[in-house]
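Enquirer: Provided herewith is a single structure, encoded as structure tokens, for subsequent inquiry.
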Amino acid sequence: MSRTQFIVGVDLGGTNIVVGAMPADGTRQLGIRSEPTHAERGSEGVVDRIVSMVAQVISNVISAEGALPQDFLGVGMGAPGPLDREKGIVVVAPNLGWHDFPLRDSVSERIQLPVTLDNDANCATVGEWWRGAAQGGRNVIGVTIGTGIGGGVILDGELYHGSSDVAGEIGHTTIDSTGRYCRCGNYGCLEAYASGPAIAVRAREALERAEVSMLHQLVGGKLDQLTAATVYEAANRGDPLALEIVHDTAKFLGTGVANLLNILNPDVVVITGGVTKAGDALFEPLRAEVKRRAFRPAVAACRIVPGALEGTAGMVGAVATFKQQKLGGA
Ligand SMILES: [Zn+2]
């Protein structure tokens, strides 16, 4: 009997680093760890943290599964982009404060294993496609909503990177040409309306106008502590103002998703991130908005679903992209 081989997945985010291992067939998630990124400690501090988390995961899997060090094939890594995948470099990552940082080789030199690097939202999309809610799709678009809005595009069963690794930057497509300022420098980007921080900003603006809402009590009157999660919580408890914010969010996202349907005609759009906690209050009006705006055959061919791999889609997809790049085919 041949020994089980394992691949380690790393999802590097601006807030947290998630590391875990999977057998190469992707059937199980093992030894999952999540720790704060501490981006303020600089790139070397972040690399130290990744290296020690990978070592801990490998040692846990060795003891729990009876594996040997040579059973680990390598490490797939997802990081905020844009990236130069060929050189393994993070070109710009505002949340980490990085410019042209050689992340892949910095990690690879320390752990003495092959490492691959891809965009974090690409990884989340591939993760949902391989083992989550987008399984079986042929043309899949992933939309990841957190501090920003990222995206991934799978066409005819292959991750599409574009001509310079920029494909899938759905958060920075324009939904209102004279709209809100976006930190990318553009106006009216989807991200400026529907990212976690943008949802919180819109809720604060609404509270300044509205008399009653549970949101006031949930943050003890301290509006600066209001986050998107507060809005979802209040919406789930039936607060009318919070429901209105979620409804508006659904319309913004629906506008962006309708554009994607008319451009790429996907069979699955999978939405991941905290926003999915709003549940049907988000997804029903989102689907209705898409139906209003996109061509009927495109709407009929597409299911729009929440992700199924809460918190680990990026890690799972990092494993899958390693497998695809180093072993050929996931
Ligand atoms: Zn933008």
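In the structure tokens, chains take the letters A, B, ... in the order shown, each chain's residues start at 1, and ligands count up from 1 in the order shown.
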Which polymer residues have any atom within 8 Å of an atom of region 145-147 of chain A, counting only C-alpha atoms, with same-chain residues fewer than 5 positions away left out, as a list of chain:residue names?

Expert: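 The filter keeps A:Ala194, A:Ser195, A:Gly196, A:Pro197, A:Ile271, A:Thr272, A:Gly273, A:Gly274, A:Val275.
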
Enquirer: What are the closest atom pairs, with distances in Å to one decimal, for each residue of chain A lying within 8 Å of ligand 1, using only C-alpha atoms and all ligand atoms, rows by chain and rising residue number, as a tab-separated table?

Expert:
residue	atom	partner	partner_atom_place_in_ligand_line	distance
A:Gly171	CA	ligand 1	1 (Zn)	6.4
A:His172	CA	ligand 1	1 (Zn)	3.9
A:Thr173	CA	ligand 1	1 (Zn)	6.9
A:Thr174	CA	ligand 1	1 (Zn)	7.7
A:Tyr181	CA	ligand 1	1 (Zn)	7.8
A:Cys182	CA	ligand 1	1 (Zn)	4.6
A:Arg183	CA	ligand 1	1 (Zn)	5.9
A:Cys184	CA	ligand 1	1 (Zn)	4.3
A:Gly185	CA	ligand 1	1 (Zn)	6.3
A:Asn186	CA	ligand 1	1 (Zn)	5.2
A:Tyr187	CA	ligand 1	1 (Zn)	6.9
A:Gly188	CA	ligand 1	1 (Zn)	7.4
A:Cys189	CA	ligand 1	1 (Zn)	4.7
A:Leu190	CA	ligand 1	1 (Zn)	7.2
A:Glu191	CA	ligand 1	1 (Zn)	6.1
A:Ala192	CA	ligand 1	1 (Zn)	6.7

Enquirer: Please list as a PyMOL selection string every residue within 12 Å of Ser59 (chain A), counting only C-alpha atoms and excluding residues in the same chain fewer than 6 positions away.

Expert: chain A and resi 8+20-21+30-31+52-53+65-72

Enquirer: Would you list the contacts of region 254-257 of chain A as a ChimeraX atom specification, taking every protein, DNA or RNA residue within 6 Å and counting only C-alpha atoms, but skipping same-chain residues closer than 5 positions in sequence?

Expert: /A:286,289-290

Enquirer: Please provide the set of residues having any atom within 10 Å of His216 (chain A), restricted to only C-alpha atoms, with same-chain residues fewer than 4 positions apart removed, written as a list of chain:residue names.

Expert: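 Non-adjacent residues within range: A:Arg204, A:Leu207, A:Glu211, A:Val212, A:Gly220, A:Gly221, A:Lys222, A:Leu223, A:Leu226, A:Thr230.
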
Enquirer: Can you pull out every residue within 12 Å of Ala203 (chain A), counting only C-alpha atoms, but drop anything in the same chain fewer than 6 positions away, and send it as an MDAnalysis selection string?

Expert: chainID A and resid 193:194 196:197 209:210 213:216 223:232 234:235 240:249

Enquirer: Have a look at A:Ala258, A:Val91, A:Leu12, A:Ile304 and name the one nearest to Asp120 (chain A); count only C-alpha atoms.

Expert: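 The closest residue to Asp120 (chain A) is A:Leu12.
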
Enquirer: Between A:Ile175, A:Phe283, A:Gln5, A:Met315, which residue has the minimum interatomic distance to Val54 (chain A), considering only C-alpha atoms?

Expert: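 With only C-alpha atoms as the atom set, the closest residue is A:Met315.
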
Enquirer: I'd like to know which of A:Gly45, A:Asp105, A:Ile149, A:Thr15 is closest to Gly81 (chain A), using only C-alpha atoms.

Expert: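 Of A:Gly45, A:Asp105, A:Ile149, A:Thr15, the one nearest Gly81 (chain A) is A:Ile149, counting only C-alpha atoms.
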
Enquirer: Using DSSP assignments from the backbone, pull out every residue in region 69-286 of chain A that falls under strand (DSSP E or B) and give it to me as JSON, numbers by chain.

Expert: {"A": [72, 73, 74, 75, 76, 77, 78, 79, 83, 84, 89, 90, 91, 92, 93, 98, 99, 100, 101, 115, 116, 117, 118, 119, 140, 141, 142, 143, 144, 145, 149, 150, 151, 152, 153, 154, 155, 158, 159, 174, 181, 187, 189, 268, 269, 270, 271, 272, 273]}

Enquirer: What does the structure give for the distance between CA of Gln135 (chain A) and CA of Ala308 (chain A), in Å to one decimal?

Expert: 10.2 Å

Enquirer: So which residues touch Gln325 (chain A) within 12 Å, counting only C-alpha atoms, skipping near sequence neighbours fewer than 2 positions away, as a ChimeraX atom specification?

Expert: /A:74-77,85-86,114-118,158-159,318-323,327-330

Enquirer: Would you mind reading off the distance between CA of Gly42 (chain A) and CA of Phe101 (chain A), one decimal, in Å?

Expert: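 Distance reported for this atom pair: 10.9 Å.
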
Enquirer: Could you jot down the CA of Asp25 (chain A) to CA of Thr144 (chain A) separation for me, Å, one decimal place?

Expert: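 Distance between the two atoms: 24.6 Å.
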
Enquirer: Mind the document's chain letters and residue numbers, and return as a ChimeraX atom specification the residues of region 230-295 of chain A that DSSP labels helix (DSSP H, G or I).

Expert: /A:230-236,240-264,274-278,280-293
